[in-house]
file data27.txt (compact mmCIF, C-alpha atoms (C1' of nucleotides))
# COMPACT_ATOMS: atom_id res chain seq x y z
CA MET F 194 -24.87 -2.31 -75.17
CA THR F 195 -28.27 -3.89 -74.79
CA TYR F 196 -27.61 -6.75 -77.17
CA LEU F 197 -27.28 -10.38 -76.18
CA ASN F 198 -25.32 -12.96 -78.05
CA ILE F 199 -26.70 -16.35 -78.85
CA GLY F 200 -25.24 -18.06 -75.80
CA GLN F 201 -26.94 -15.59 -73.49
CA ILE F 202 -30.28 -16.17 -75.18
CA ALA F 203 -29.67 -19.88 -74.78
CA LYS F 204 -28.98 -19.47 -71.08
CA ARG F 205 -32.08 -17.35 -70.51
CA THR F 206 -34.38 -19.72 -72.33
CA GLY F 207 -32.93 -23.13 -71.66
CA VAL F 208 -32.85 -23.75 -75.40
CA THR F 209 -29.56 -24.79 -77.00
CA VAL F 210 -27.55 -22.45 -79.20
CA GLU F 211 -27.99 -24.90 -82.05
CA ALA F 212 -31.76 -24.98 -81.65
CA ILE F 213 -31.86 -21.19 -81.74
CA ARG F 214 -29.91 -21.15 -84.99
CA PHE F 215 -32.26 -23.83 -86.26
CA TYR F 216 -35.29 -21.67 -85.44
CA GLU F 217 -33.69 -18.86 -87.37
CA LYS F 218 -33.21 -21.11 -90.39
CA GLN F 219 -36.87 -22.09 -90.14
CA ALA F 220 -37.83 -18.42 -89.98
CA LEU F 221 -39.34 -18.72 -86.52
CA LEU F 222 -36.86 -16.11 -85.43
CA PRO F 223 -35.97 -13.12 -87.59
CA GLU F 224 -32.36 -12.81 -88.70
CA PRO F 225 -30.72 -10.79 -85.98
CA ARG F 226 -28.32 -7.90 -86.22
CA ARG F 227 -24.68 -8.95 -86.53
CA SER F 228 -21.55 -7.60 -84.90
CA ALA F 229 -18.59 -6.58 -87.06
CA SER F 230 -17.17 -10.07 -86.61
CA GLY F 231 -20.40 -11.79 -87.52
CA TYR F 232 -21.76 -12.63 -84.06
CA ARG F 233 -25.54 -12.58 -83.75
CA GLN F 234 -26.78 -9.70 -81.60
CA TYR F 235 -30.22 -10.15 -80.12
CA LEU F 236 -32.60 -7.84 -78.37
CA PRO F 237 -33.56 -9.23 -74.95
CA GLU F 238 -37.16 -9.64 -76.16
CA THR F 239 -35.97 -12.45 -78.39
CA ALA F 240 -35.85 -14.63 -75.29
CA LYS F 241 -39.62 -14.20 -74.89
CA ARG F 242 -40.15 -15.38 -78.41
CA VAL F 243 -37.91 -18.39 -77.92
CA ARG F 244 -39.73 -19.33 -74.72
CA PHE F 245 -43.02 -18.97 -76.54
CA ILE F 246 -41.80 -21.41 -79.17
CA GLN F 247 -40.83 -23.91 -76.50
CA ARG F 248 -44.11 -23.64 -74.65
CA ALA F 249 -46.19 -23.91 -77.76
CA LYS F 250 -44.29 -27.02 -78.78
CA GLU F 251 -45.02 -28.65 -75.43
CA LEU F 252 -48.68 -27.94 -76.11
CA GLY F 253 -48.62 -30.01 -79.25
CA PHE F 254 -48.07 -27.32 -81.87
CA SER F 255 -45.59 -28.14 -84.62
CA LEU F 256 -42.99 -25.52 -85.51
CA LYS F 257 -45.06 -24.78 -88.57
CA GLU F 258 -48.08 -24.07 -86.39
CA VAL F 259 -46.01 -22.02 -83.99
CA ASN F 260 -44.86 -20.04 -86.97
CA ALA F 261 -48.47 -19.45 -87.98
CA LEU F 262 -49.26 -18.24 -84.47
CA LEU F 263 -46.30 -15.92 -84.43
CA SER F 264 -47.09 -14.69 -87.92
CA LEU F 265 -50.54 -13.67 -86.77
CA ARG F 266 -48.73 -11.22 -84.59
CA ASP F 267 -45.86 -10.34 -86.90
CA THR F 268 -47.21 -10.13 -90.35
CA GLN F 269 -47.45 -6.84 -92.16
CA ASP F 270 -49.25 -8.05 -95.25
CA GLY F 271 -52.77 -9.43 -95.40
CA SER F 272 -55.83 -7.80 -93.97
CA CYS F 273 -56.76 -7.58 -90.35
CA ALA F 274 -59.95 -9.48 -91.16
CA ASP F 275 -57.81 -12.43 -92.24
CA VAL F 276 -55.90 -12.28 -89.03
CA LYS F 277 -59.14 -12.24 -87.09
CA VAL F 278 -60.49 -15.30 -88.87
CA GLN F 279 -57.31 -17.22 -88.32
CA ALA F 280 -57.05 -16.16 -84.70
CA LEU F 281 -60.60 -17.26 -83.96
CA GLN F 282 -59.96 -20.55 -85.69
CA LYS F 283 -56.92 -21.11 -83.51
CA VAL F 284 -58.96 -20.16 -80.45
CA SER F 285 -61.41 -22.94 -81.11
CA GLU F 286 -58.63 -25.45 -81.68
CA ILE F 287 -57.09 -24.39 -78.41
CA GLU F 288 -60.39 -24.63 -76.59
CA GLN F 289 -60.71 -28.20 -77.79
CA LYS F 290 -57.27 -28.96 -76.42
CA ILE F 291 -58.23 -27.41 -73.11
CA ARG F 292 -61.38 -29.56 -72.96
CA ASP F 293 -59.35 -32.69 -73.69
CA LEU F 294 -56.76 -31.85 -71.08
CA ASN F 295 -59.51 -31.22 -68.54
CA ARG F 296 -60.95 -34.65 -69.31
CA ILE F 297 -57.60 -36.33 -68.80
CA ARG F 298 -56.93 -34.35 -65.66
CA ASP F 299 -60.30 -35.25 -64.18
CA ALA F 300 -59.79 -38.90 -64.96
CA LEU F 301 -56.34 -38.91 -63.37
CA THR F 302 -57.62 -37.04 -60.33
CA GLU F 303 -60.42 -39.51 -59.88
CA LEU F 304 -57.96 -42.32 -60.26
CA ALA F 305 -55.68 -40.87 -57.61
CA GLU F 306 -58.55 -40.19 -55.22
CA LYS F 307 -60.03 -43.63 -55.47
CA CYS F 308 -56.62 -45.12 -54.84
CA GLY F 309 -56.49 -43.50 -51.44
CA GLY F 310 -52.74 -44.02 -51.38
CA ARG F 311 -52.54 -47.66 -50.25
CA GLY F 312 -53.57 -51.13 -51.29
CA ASP F 313 -52.55 -52.71 -54.55
CA LEU F 314 -54.02 -52.34 -57.97
CA SER F 315 -56.41 -55.23 -57.66
CA GLU F 316 -58.20 -52.92 -55.23
CA CYS F 317 -58.09 -50.09 -57.77
CA PRO F 318 -60.44 -51.12 -60.58
CA ILE F 319 -61.26 -47.45 -61.03
CA LEU F 320 -58.22 -47.26 -63.27
CA ASP F 321 -60.96 -47.51 -65.89
CA ALA F 322 -61.51 -43.80 -65.32
CA LEU F 323 -59.56 -42.98 -68.45
CA ASP F 324 -62.05 -44.93 -70.53
CA GLU F 325 -64.58 -42.23 -69.86
CA ILE F 326 -62.62 -40.13 -72.26
CA GLU F 327 -64.01 -40.49 -75.76
CA ASP F 328 -67.35 -41.85 -74.68
CA PHE F 329 -69.20 -40.82 -77.82
CA ALA F 330 -70.11 -41.93 -81.32
CA ASP F 331 -68.20 -44.42 -83.44
CA GLY F 332 -67.60 -44.15 -87.16
CA SER F 333 -70.82 -44.06 -89.15
CA SER F 334 -70.40 -46.88 -91.71
CA MET V 251 -68.85 -62.15 -83.62
CA THR V 252 -68.02 -58.98 -81.76
CA TYR V 253 -64.47 -58.68 -83.08
CA LEU V 254 -63.22 -55.99 -85.42
CA ASN V 255 -60.34 -56.35 -87.78
CA ILE V 256 -57.65 -53.75 -88.09
CA GLY V 257 -59.26 -51.91 -91.01
CA GLN V 258 -62.45 -51.42 -89.05
CA ILE V 259 -60.53 -50.01 -86.11
CA ALA V 260 -58.76 -47.71 -88.56
CA LYS V 261 -62.06 -46.51 -89.95
CA ARG V 262 -63.53 -45.85 -86.51
CA THR V 263 -60.53 -43.94 -85.28
CA GLY V 264 -59.21 -42.18 -88.36
CA VAL V 265 -55.80 -43.72 -87.67
CA THR V 266 -54.11 -45.69 -90.44
CA VAL V 267 -53.80 -49.46 -90.33
CA GLU V 268 -50.03 -49.04 -90.37
CA ALA V 269 -50.06 -46.68 -87.41
CA ILE V 270 -52.16 -49.15 -85.43
CA ARG V 271 -49.66 -51.91 -86.11
CA PHE V 272 -46.93 -49.49 -85.15
CA TYR V 273 -48.64 -48.76 -81.82
CA GLU V 274 -48.79 -52.47 -81.19
CA LYS V 275 -45.05 -52.78 -81.83
CA GLN V 276 -44.46 -49.93 -79.38
CA ALA V 277 -46.63 -51.73 -76.82
CA LEU V 278 -49.19 -48.92 -76.72
CA LEU V 279 -51.75 -51.49 -77.76
CA PRO V 280 -51.75 -55.05 -76.40
CA GLU V 281 -51.27 -57.84 -78.90
CA PRO V 282 -54.76 -58.72 -80.01
CA ARG V 283 -56.36 -62.11 -80.49
CA ARG V 284 -55.74 -63.59 -83.93
CA SER V 285 -58.04 -65.42 -86.29
CA ALA V 286 -57.06 -68.84 -87.62
CA SER V 287 -55.52 -67.13 -90.63
CA GLY V 288 -53.57 -64.63 -88.56
CA TYR V 289 -55.84 -61.59 -88.84
CA ARG V 290 -55.89 -59.33 -85.79
CA GLN V 291 -59.23 -59.44 -83.96
CA TYR V 292 -59.97 -56.47 -81.77
CA LEU V 293 -62.57 -55.75 -79.16
CA PRO V 294 -64.47 -52.55 -80.05
CA GLU V 295 -63.02 -50.88 -76.94
CA THR V 296 -59.68 -50.86 -78.68
CA ALA V 297 -60.96 -47.93 -80.74
CA LYS V 298 -61.28 -45.90 -77.53
CA ARG V 299 -57.70 -46.59 -76.68
CA VAL V 300 -56.52 -45.64 -80.15
CA ARG V 301 -58.48 -42.39 -80.04
CA PHE V 302 -56.98 -41.69 -76.64
CA ILE V 303 -53.51 -42.11 -78.09
CA GLN V 304 -54.29 -39.67 -80.90
CA ARG V 305 -55.77 -37.06 -78.62
CA ALA V 306 -52.95 -37.27 -76.14
CA LYS V 307 -50.44 -36.83 -78.96
CA GLU V 308 -52.20 -33.69 -80.13
CA LEU V 309 -51.86 -32.41 -76.59
CA GLY V 310 -48.10 -32.67 -76.74
CA PHE V 311 -47.53 -36.04 -75.11
CA SER V 312 -44.97 -38.29 -76.77
CA LEU V 313 -45.90 -41.91 -77.37
CA LYS V 314 -43.70 -42.77 -74.42
CA GLU V 315 -45.69 -40.43 -72.22
CA VAL V 316 -48.96 -41.74 -73.58
CA ASN V 317 -47.72 -45.18 -72.70
CA ALA V 318 -47.03 -44.02 -69.16
CA LEU V 319 -50.55 -42.60 -68.91
CA LEU V 320 -52.09 -45.78 -70.20
CA SER V 321 -49.90 -47.88 -67.96
CA LEU V 322 -51.24 -46.03 -64.95
CA ARG V 323 -54.53 -47.59 -65.85
CA ASP V 324 -53.31 -50.93 -67.10
CA THR V 325 -50.53 -52.04 -64.90
CA GLN V 326 -50.98 -54.96 -62.57
CA ASP V 327 -47.69 -54.67 -60.76
CA GLY V 328 -46.60 -51.83 -58.52
CA SER V 329 -48.59 -50.45 -55.62
CA CYS V 330 -51.58 -48.24 -55.81
CA ALA V 331 -49.64 -45.60 -53.90
CA ASP V 332 -47.16 -45.43 -56.78
CA VAL V 333 -49.96 -44.99 -59.22
CA LYS V 334 -51.38 -42.22 -57.09
CA VAL V 335 -48.08 -40.35 -56.96
CA GLN V 336 -47.58 -40.62 -60.70
CA ALA V 337 -51.16 -39.64 -61.43
CA LEU V 338 -50.93 -36.53 -59.28
CA GLN V 339 -47.65 -35.61 -60.92
CA LYS V 340 -49.27 -35.88 -64.34
CA VAL V 341 -52.20 -33.82 -63.08
CA SER V 342 -49.92 -30.92 -62.26
CA GLU V 343 -48.16 -31.17 -65.61
CA ILE V 344 -51.53 -31.10 -67.30
CA GLU V 345 -52.68 -28.14 -65.24
CA GLN V 346 -49.62 -26.23 -66.41
CA LYS V 347 -50.51 -27.02 -70.01
CA ILE V 348 -54.05 -25.82 -69.41
CA ARG V 349 -52.75 -22.56 -67.96
CA ASP V 350 -50.48 -22.03 -70.96
CA LEU V 351 -53.26 -22.77 -73.41
CA ASN V 352 -55.54 -20.34 -71.60
CA ARG V 353 -52.87 -17.68 -71.92
CA ILE V 354 -52.51 -18.26 -75.64
CA ARG V 355 -56.27 -18.38 -76.12
CA ASP V 356 -56.78 -15.12 -74.24
CA ALA V 357 -54.08 -13.42 -76.27
CA LEU V 358 -55.59 -14.61 -79.54
CA THR V 359 -59.08 -13.63 -78.45
CA GLU V 360 -57.89 -10.18 -77.54
CA LEU V 361 -56.11 -9.94 -80.85
CA ALA V 362 -59.24 -10.91 -82.75
CA GLU V 363 -61.43 -8.52 -80.78
CA LYS V 364 -59.19 -5.55 -81.25
CA CYS V 365 -59.04 -6.26 -84.95
CA GLY V 366 -62.77 -5.70 -85.27
CA GLY V 367 -62.71 -7.50 -88.60
CA ARG V 368 -61.57 -4.73 -90.93
CA GLY V 369 -58.70 -2.35 -91.52
CA ASP V 370 -55.19 -3.54 -92.19
CA LEU V 371 -52.50 -4.61 -89.81
CA SER V 372 -50.98 -1.22 -89.38
CA GLU V 373 -54.21 -0.49 -87.49
CA CYS V 374 -53.76 -3.64 -85.45
CA PRO V 375 -50.80 -3.03 -83.19
CA ILE V 376 -52.43 -5.23 -80.59
CA LEU V 377 -50.78 -8.11 -82.32
CA ASP V 378 -48.39 -7.61 -79.44
CA ALA V 379 -50.92 -9.43 -77.29
CA LEU V 380 -48.89 -12.61 -77.52
CA ASP V 381 -45.98 -10.92 -75.85
CA GLU V 382 -47.95 -10.88 -72.65
CA ILE V 383 -47.32 -14.55 -72.49
CA GLU V 384 -44.15 -15.21 -70.55
CA ASP V 385 -44.23 -11.91 -68.83
CA PHE V 386 -42.18 -13.02 -65.85
CA ALA V 387 -38.61 -13.54 -64.68
CA ASP V 388 -35.59 -13.99 -66.94
CA GLY V 389 -32.76 -16.38 -66.26
CA SER V 390 -31.07 -15.66 -62.94
CA SER V 391 -27.40 -15.38 -63.92
C1' DC G 177 -62.58 -70.01 -109.20
C1' DT G 178 -61.02 -65.74 -110.04
C1' DT G 179 -61.14 -60.73 -108.95
C1' DG G 180 -60.64 -57.16 -105.71
C1' DA G 181 -60.57 -55.60 -101.21
C1' DC G 182 -58.68 -56.82 -97.31
C1' DC G 183 -54.93 -58.85 -94.25
C1' DC G 184 -49.81 -60.36 -93.05
C1' DT G 185 -44.49 -59.42 -92.33
C1' DG G 186 -40.12 -57.07 -92.45
C1' DA G 187 -37.36 -53.59 -94.28
C1' DA G 188 -36.56 -49.30 -96.11
C1' DG G 189 -37.89 -44.53 -96.67
C1' DT G 190 -39.73 -39.91 -94.92
C1' DA G 191 -40.72 -35.59 -92.17
C1' DC G 192 -39.78 -33.15 -88.22
C1' DA G 193 -36.88 -31.24 -84.82
C1' DC G 194 -33.12 -31.11 -83.56
C1' DT G 195 -27.80 -32.66 -82.22
C1' DT G 196 -23.21 -33.64 -83.38
C1' DC G 197 -19.20 -33.00 -86.07
C1' DA G 198 -15.55 -30.68 -88.58
C1' DA G 199 -12.98 -26.83 -89.33
C1' DG G 200 -12.23 -22.60 -88.18
C1' DG G 201 -12.56 -17.44 -86.44
C1' DT G 202 -13.21 -14.14 -82.03
C1' DC G 203 -12.91 -12.36 -77.46
C1' DT G 204 -11.11 -11.86 -72.76
C1' DA G 205 -8.06 -12.67 -69.20
C1' DT G 206 -3.48 -13.52 -67.65
C1' DA D 107 0.41 -13.59 -77.17
C1' DT D 108 -1.77 -17.59 -75.98
C1' DA D 109 -5.38 -20.49 -73.54
C1' DG D 110 -10.03 -21.27 -73.18
C1' DA D 111 -14.60 -20.04 -73.73
C1' DC D 112 -17.18 -18.20 -76.94
C1' DC D 113 -18.85 -17.56 -81.91
C1' DT D 114 -19.31 -18.94 -87.27
C1' DT D 115 -20.85 -22.28 -91.21
C1' DG D 116 -22.35 -26.45 -93.56
C1' DA D 117 -23.02 -31.21 -93.53
C1' DA D 118 -24.02 -35.38 -91.48
C1' DG D 119 -26.16 -38.00 -87.77
C1' DT D 120 -30.13 -39.08 -84.38
C1' DG D 121 -34.74 -40.15 -82.37
C1' DT D 122 -39.60 -40.11 -83.01
C1' DA D 123 -43.48 -41.37 -85.39
C1' DC D 124 -44.85 -42.89 -88.76
C1' DT D 125 -45.45 -44.25 -94.31
C1' DT D 126 -44.21 -46.77 -98.23
C1' DC D 127 -42.62 -50.83 -100.44
C1' DA D 128 -42.10 -55.67 -101.61
C1' DG D 129 -43.95 -59.91 -101.65
C1' DG D 130 -47.33 -62.59 -100.32
C1' DG D 131 -51.78 -64.85 -98.05
C1' DT D 132 -57.22 -64.44 -97.06
C1' DC D 133 -62.00 -63.64 -97.82
C1' DA D 134 -66.60 -62.50 -100.08
C1' DA D 135 -68.96 -61.76 -104.30
C1' DG D 136 -70.17 -63.07 -108.86
call {"tool": "encode", "arguments": {"input": "data27.txt", "output": "C-alpha cells"}}
result
Amino acid sequence: MTYLNIGQIAKRTGVTVEAIRFYEKQALLPEPRRSASGYRQYLPETAKRVRFIQRAKELGFSLKEVNALLSLRDTQDGSCADVKVQALQKVSEIEQKIRDLNRIRDALTELAEKCGGRGDLSECPILDALDEIEDFADGSS
Amino acid sequence: MTYLNIGQIAKRTGVTVEAIRFYEKQALLPEPRRSASGYRQYLPETAKRVRFIQRAKELGFSLKEVNALLSLRDTQDGSCADVKVQALQKVSEIEQKIRDLNRIRDALTELAEKCGGRGDLSECPILDALDEIEDFADGSS
DNA sequence: CTTGACCCTGAAGTACACTTCAAGGTCTAT
DNA sequence: ATAGACCTTGAAGTGTACTTCAGGGTCAAG
C-alpha cells in the first residue's frame, strides 16, 4: 500500500512523531486515514506539507501564520478574491523580509571582506557595518 | 543631555519597556549608564540595536542567534579570522532563507495571478502552487 | 507639595511550540 | 508466543520570550 505511518513521515521530514501529532492537533495537518488498529496512515505528500511547515517556521512565521498560508491553498470556502488579497498581502510581508535579510547579508559580507581573514578585532572597526541597517527615521514625537 | 530613558527608547522602537529590560538581562543590550536616581540612560544609537533585534526575530532568528550576530560586531576578544568564518557561515544561512522566501513569494504571486480576483476557489485549483516548494528528494532510507 | 506619568526590582504568570511521561495496544521476526 | 520496535492517548513538563503584578521610588507641572 502507498500509505506511510507516522514514523516514516518523521524519518522523511526530520520532524519528531510527537511534533507531527501536535501539528495535527493544531489543524496544520488534516486528520489522516486510520488503519483498523488505529494507526495513522499518511499519503506521501504529507511529508511535503510537514517540510513546508518547518521551513516556514525557520523563516519567522508562527504556526498560526503557517496555517494561514496553507489555508490559502486548502480552503474551499471564501471567494477567490479574498484569497488573492490575502496572498498579495503575504507577498509584501515576505518581500520586506527578503529586503531585511539582504541588508543583514550585505552587512555580514562586508564585515567578512574587510576582515581579510587575519589580524585582531582592533583592526576590524568595520564591525559597525551592521549599524547601517535601520538607518532611517526615528519615532515622530 | 543626549541621553534617552527607557520609555523614550520604547517609543522610538515600538518595543515595550519590559522587553527592553528583558533584553538587557539576556545581555542583548549592554547595561546602560544610570542617573543618580537609578534611571537607565541610553545613547540614541541603542534604538538602532533594539530595532535590529526586533527585525532579526521576525526573520526567524532566536534571541540567542541575534546575540551571536551582534557579538560578531561587538566582541573584543577572539581573532578577526574567527569573526570572518562565523560571518560567512551566517551569510550562507541567510542566503538559504532568502531562497526559501523567494520560493514562497513566487508561489503566492502565482496563486494570486491565477485567481484573477473573482470566481470561487473551485475555479482556483492553482492553489497547489505551494506544493512546488520542496519539490526535491525524499529521505534516503 | 501633591498628582500623575514615569522609573525601579524581583517574582510570578502567559503563549507558543513542542517534549516527556505514563500506561498501554500492535506488528514482525524468530 | 514473546521480544522489541512500533503505534495510541492524555496529561504534565520544558524552553523561549516575553507580560503582568506587587510594591515602591522619581520627576515635572500646577
call {"tool": "interface_residues", "arguments": {"input": "data27.txt", "of": "chain G", "to": "chain F", "cutoff": "8 Å", "atoms": "only C-alpha atoms (C1' of nucleotides)", "output": "number ranges by chain"}}
result
G: 194-195, 202
call {"tool": "interface_residues", "arguments": {"input": "data27.txt", "of": "chain D", "to": "chain F", "cutoff": "12 Å", "atoms": "all atoms listed in the file", "output": "PDB file with C-alpha atoms (C1' of nucleotides), in the frame of the given file"}}
result
ATOM      1  C1'  DA D 111     -14.600 -20.040 -73.730  1.00  0.00           C
ATOM      2  C1'  DC D 112     -17.180 -18.200 -76.940  1.00  0.00           C
ATOM      3  C1'  DC D 113     -18.850 -17.560 -81.910  1.00  0.00           C
ATOM      4  C1'  DT D 114     -19.310 -18.940 -87.270  1.00  0.00           C
ATOM      5  C1'  DT D 115     -20.850 -22.280 -91.210  1.00  0.00           C
TER       6       DT D 115
END
call {"tool": "residues_around", "arguments": {"input": "data27.txt", "residues": "DA109 (chain D)", "least_positions_apart": "3", "cutoff": "12 Å", "atoms": "all atoms listed in the file", "output": "list in words"}}
result
DC203, DT204, DA205 and DT206 of chain G
call {"tool": "residues_near_point", "arguments": {"input": "data27.txt", "point": "(-48.5, -39.9, -60.7)", "cutoff": "12 Å", "atoms": "all atoms listed in the file", "output": "MDAnalysis selection string"}}
result
(chainID F and resid 298 301:306 308 310) or (chainID V and resid 315 318:323 329:344)
call {"tool": "atom_distance", "arguments": {"input": "data27.txt", "atom1": "CA of Tyr253 (chain V)", "atom2": "C1' of DT132 (chain D)"}}
result
16.8 Å
call {"tool": "residues_near_point", "arguments": {"input": "data27.txt", "point": "(-61.7, -54.9, -104.3)", "cutoff": "12 Å", "atoms": "only C-alpha atoms (C1' of nucleotides)", "output": "PyMOL selection string"}}
result
(chain G and resi 179-182) or (chain D and resi 133-135)
call {"tool": "atom_distance", "arguments": {"input": "data27.txt", "atom1": "CA of Ala357 (chain V)", "atom2": "CA of Ala240 (chain F)"}}
result
18.3 Å
call {"tool": "closest_residue", "arguments": {"input": "data27.txt", "among": "V:Arg353, V:Lys364, V:Arg262, V:Arg271", "to": "chain F", "atoms": "only C-alpha atoms"}}
result
V:Arg262
call {"tool": "residues_around", "arguments": {"input": "data27.txt", "residues": "DA191 (chain G)", "least_positions_apart": "5", "cutoff": "12 Å", "atoms": "all atoms listed in the file", "output": "list in words"}}
result
Ser255 of chain F; DT122, DA123, DC124 and DT125 of chain D
call {"tool": "write_last_selection", "arguments": {"input": "data27.txt", "atoms": "C-alpha atoms (C1' of nucleotides)", "output": "PDB file, in the coordinates of the input"}}
result
ATOM      1  CA  SER F 255     -45.590 -28.140 -84.620  1.00  0.00           C
TER       2      SER F 255
ATOM      3  C1'  DT D 122     -39.600 -40.110 -83.010  1.00  0.00           C
ATOM      4  C1'  DA D 123     -43.480 -41.370 -85.390  1.00  0.00           C
ATOM      5  C1'  DC D 124     -44.850 -42.890 -88.760  1.00  0.00           C
ATOM      6  C1'  DT D 125     -45.450 -44.250 -94.310  1.00  0.00           C
TER       7       DT D 125
END
call {"tool": "closest_residue", "arguments": {"input": "data27.txt", "among": "V:Ile270, V:Leu254, V:Ile259, V:Arg283", "to": "chain F", "atoms": "all atoms listed in the file"}}
result
V:Ile259
call {"tool": "closest_residue", "arguments": {"input": "data27.txt", "among": "V:Ala286, V:Ile354, V:Val265, V:Ala277", "to": "chain F", "atoms": "only C-alpha atoms"}}
result
V:Ile354
call {"tool": "atom_distance", "arguments": {"input": "data27.txt", "atom1": "CA of Gln219 (chain F)", "atom2": "CA of Val243 (chain F)"}}
result
12.8 Å
call {"tool": "axis_aligned_box", "arguments": {"input": "data27.txt", "around": "region 277-286 of chain V", "padding_each_side": "8 Å", "output": "AutoDock Vina command-line options"}}
result
--center_x -52.3 --center_y -58.9 --center_z -82.0 --size_x 27.4 --size_y 35.9 --size_z 27.2
call {"tool": "decode", "arguments": {"input": "data27.txt", "residues": "region 191-204 of chain G", "atoms": "N, CA and C atoms (P, O5', C5', C4', C3', O3' and C1' of nucleotides)", "output": "short mmCIF file (atom, residue, chain, number, x, y, z; two decimals), in the first residue's frame"}}
result
data_model
loop_
_atom_site.label_atom_id
_atom_site.label_comp_id
_atom_site.auth_asym_id
_atom_site.auth_seq_id
_atom_site.Cartn_x
_atom_site.Cartn_y
_atom_site.Cartn_z
P DA G 191 -2.48 33.12 27.82
"O5'" DA G 191 -1.48 32.97 26.60
"C5'" DA G 191 -0.91 34.13 26.01
"C4'" DA G 191 -0.02 33.70 24.86
"C3'" DA G 191 -0.57 32.52 24.04
"O3'" DA G 191 -0.32 32.81 22.68
"C1'" DA G 191 1.56 31.97 24.97
P DC G 192 -0.75 31.75 21.54
"O5'" DC G 192 0.66 31.07 21.20
"C5'" DC G 192 1.75 31.89 20.80
"C4'" DC G 192 2.96 31.01 20.65
"C3'" DC G 192 2.72 29.75 19.81
"O3'" DC G 192 3.73 29.75 18.80
"C1'" DC G 192 3.78 29.21 21.84
P DA G 193 3.56 28.81 17.50
"O5'" DA G 193 4.48 27.57 17.93
"C5'" DA G 193 5.87 27.81 18.12
"C4'" DA G 193 6.50 26.55 18.68
"C3'" DA G 193 6.05 25.24 18.01
"O3'" DA G 193 7.17 24.41 17.80
"C1'" DA G 193 5.83 25.08 20.30
P DC G 194 7.12 23.31 16.62
"O5'" DC G 194 6.26 22.15 17.16
"C5'" DC G 194 6.58 21.05 18.00
"C4'" DC G 194 7.41 21.33 19.21
"C3'" DC G 194 7.97 20.07 19.79
"O3'" DC G 194 9.38 20.04 19.69
"C1'" DC G 194 6.92 21.44 21.47
P DT G 195 10.05 18.57 19.72
"O5'" DT G 195 10.01 18.20 21.30
"C5'" DT G 195 10.77 18.97 22.24
"C4'" DT G 195 10.71 18.28 23.59
"C3'" DT G 195 11.02 16.78 23.57
"O3'" DT G 195 11.97 16.57 24.62
"C1'" DT G 195 8.94 17.15 24.62
P DT G 196 12.54 15.12 24.91
"O5'" DT G 196 11.68 14.65 26.18
"C5'" DT G 196 11.45 15.55 27.26
"C4'" DT G 196 10.56 14.88 28.29
"C3'" DT G 196 10.79 13.38 28.46
"O3'" DT G 196 10.90 13.12 29.86
"C1'" DT G 196 8.49 13.82 28.09
P DC G 197 11.11 11.66 30.44
"O5'" DC G 197 9.62 11.28 30.90
"C5'" DC G 197 8.91 12.19 31.76
"C4'" DC G 197 7.55 11.61 32.09
"C3'" DC G 197 7.54 10.10 32.36
"O3'" DC G 197 6.82 9.86 33.56
"C1'" DC G 197 5.90 10.65 30.74
P DA G 198 6.96 8.45 34.29
"O5'" DA G 198 5.48 7.88 34.16
"C5'" DA G 198 4.36 8.76 34.35
"C4'" DA G 198 3.09 8.05 33.92
"C3'" DA G 198 3.15 6.53 34.10
"O3'" DA G 198 1.88 6.09 34.60
"C1'" DA G 198 2.63 7.04 31.87
P DA G 199 1.76 4.59 35.21
"O5'" DA G 199 0.43 4.03 34.54
"C5'" DA G 199 -0.39 4.83 33.66
"C4'" DA G 199 -0.89 3.97 32.51
"C3'" DA G 199 -0.53 2.48 32.62
"O3'" DA G 199 -1.68 1.69 32.29
"C1'" DA G 199 0.11 3.31 30.54
P DG G 200 -1.63 0.05 32.40
"O5'" DG G 200 -1.90 -0.37 30.89
"C5'" DG G 200 -2.94 0.34 30.18
"C4'" DG G 200 -2.61 0.35 28.74
"C3'" DG G 200 -2.46 -1.05 28.09
"O3'" DG G 200 -3.59 -1.33 27.28
"C1'" DG G 200 -0.99 0.59 27.20
P DG G 201 -3.82 -2.86 26.82
"O5'" DG G 201 -3.81 -2.73 25.23
"C5'" DG G 201 -4.74 -1.83 24.59
"C4'" DG G 201 -4.24 -1.59 23.18
"C3'" DG G 201 -4.10 -2.87 22.33
"O3'" DG G 201 -4.55 -2.61 21.00
"C1'" DG G 201 -2.05 -1.72 22.38
P DT G 202 -4.51 -3.78 19.89
"O5'" DT G 202 -3.15 -3.46 19.10
"C5'" DT G 202 -3.08 -2.32 18.24
"C4'" DT G 202 -1.90 -2.47 17.26
"C3'" DT G 202 -1.88 -3.74 16.43
"O3'" DT G 202 -1.40 -3.35 15.15
"C1'" DT G 202 0.12 -3.57 17.62
P DC G 203 -1.75 -4.08 13.77
"O5'" DC G 203 -0.31 -4.26 13.12
"C5'" DC G 203 0.73 -3.32 13.39
"C4'" DC G 203 2.11 -3.97 13.21
"C3'" DC G 203 2.18 -5.22 12.33
"O3'" DC G 203 3.31 -5.03 11.51
"C1'" DC G 203 3.21 -5.64 14.39
P DT G 204 3.52 -5.72 10.07
"O5'" DT G 204 4.90 -6.50 10.30
"C5'" DT G 204 6.05 -5.79 10.78
"C4'" DT G 204 7.10 -6.77 11.28
"C3'" DT G 204 7.19 -8.09 10.50
"O3'" DT G 204 8.55 -8.29 10.19
"C1'" DT G 204 7.06 -8.50 12.81
#
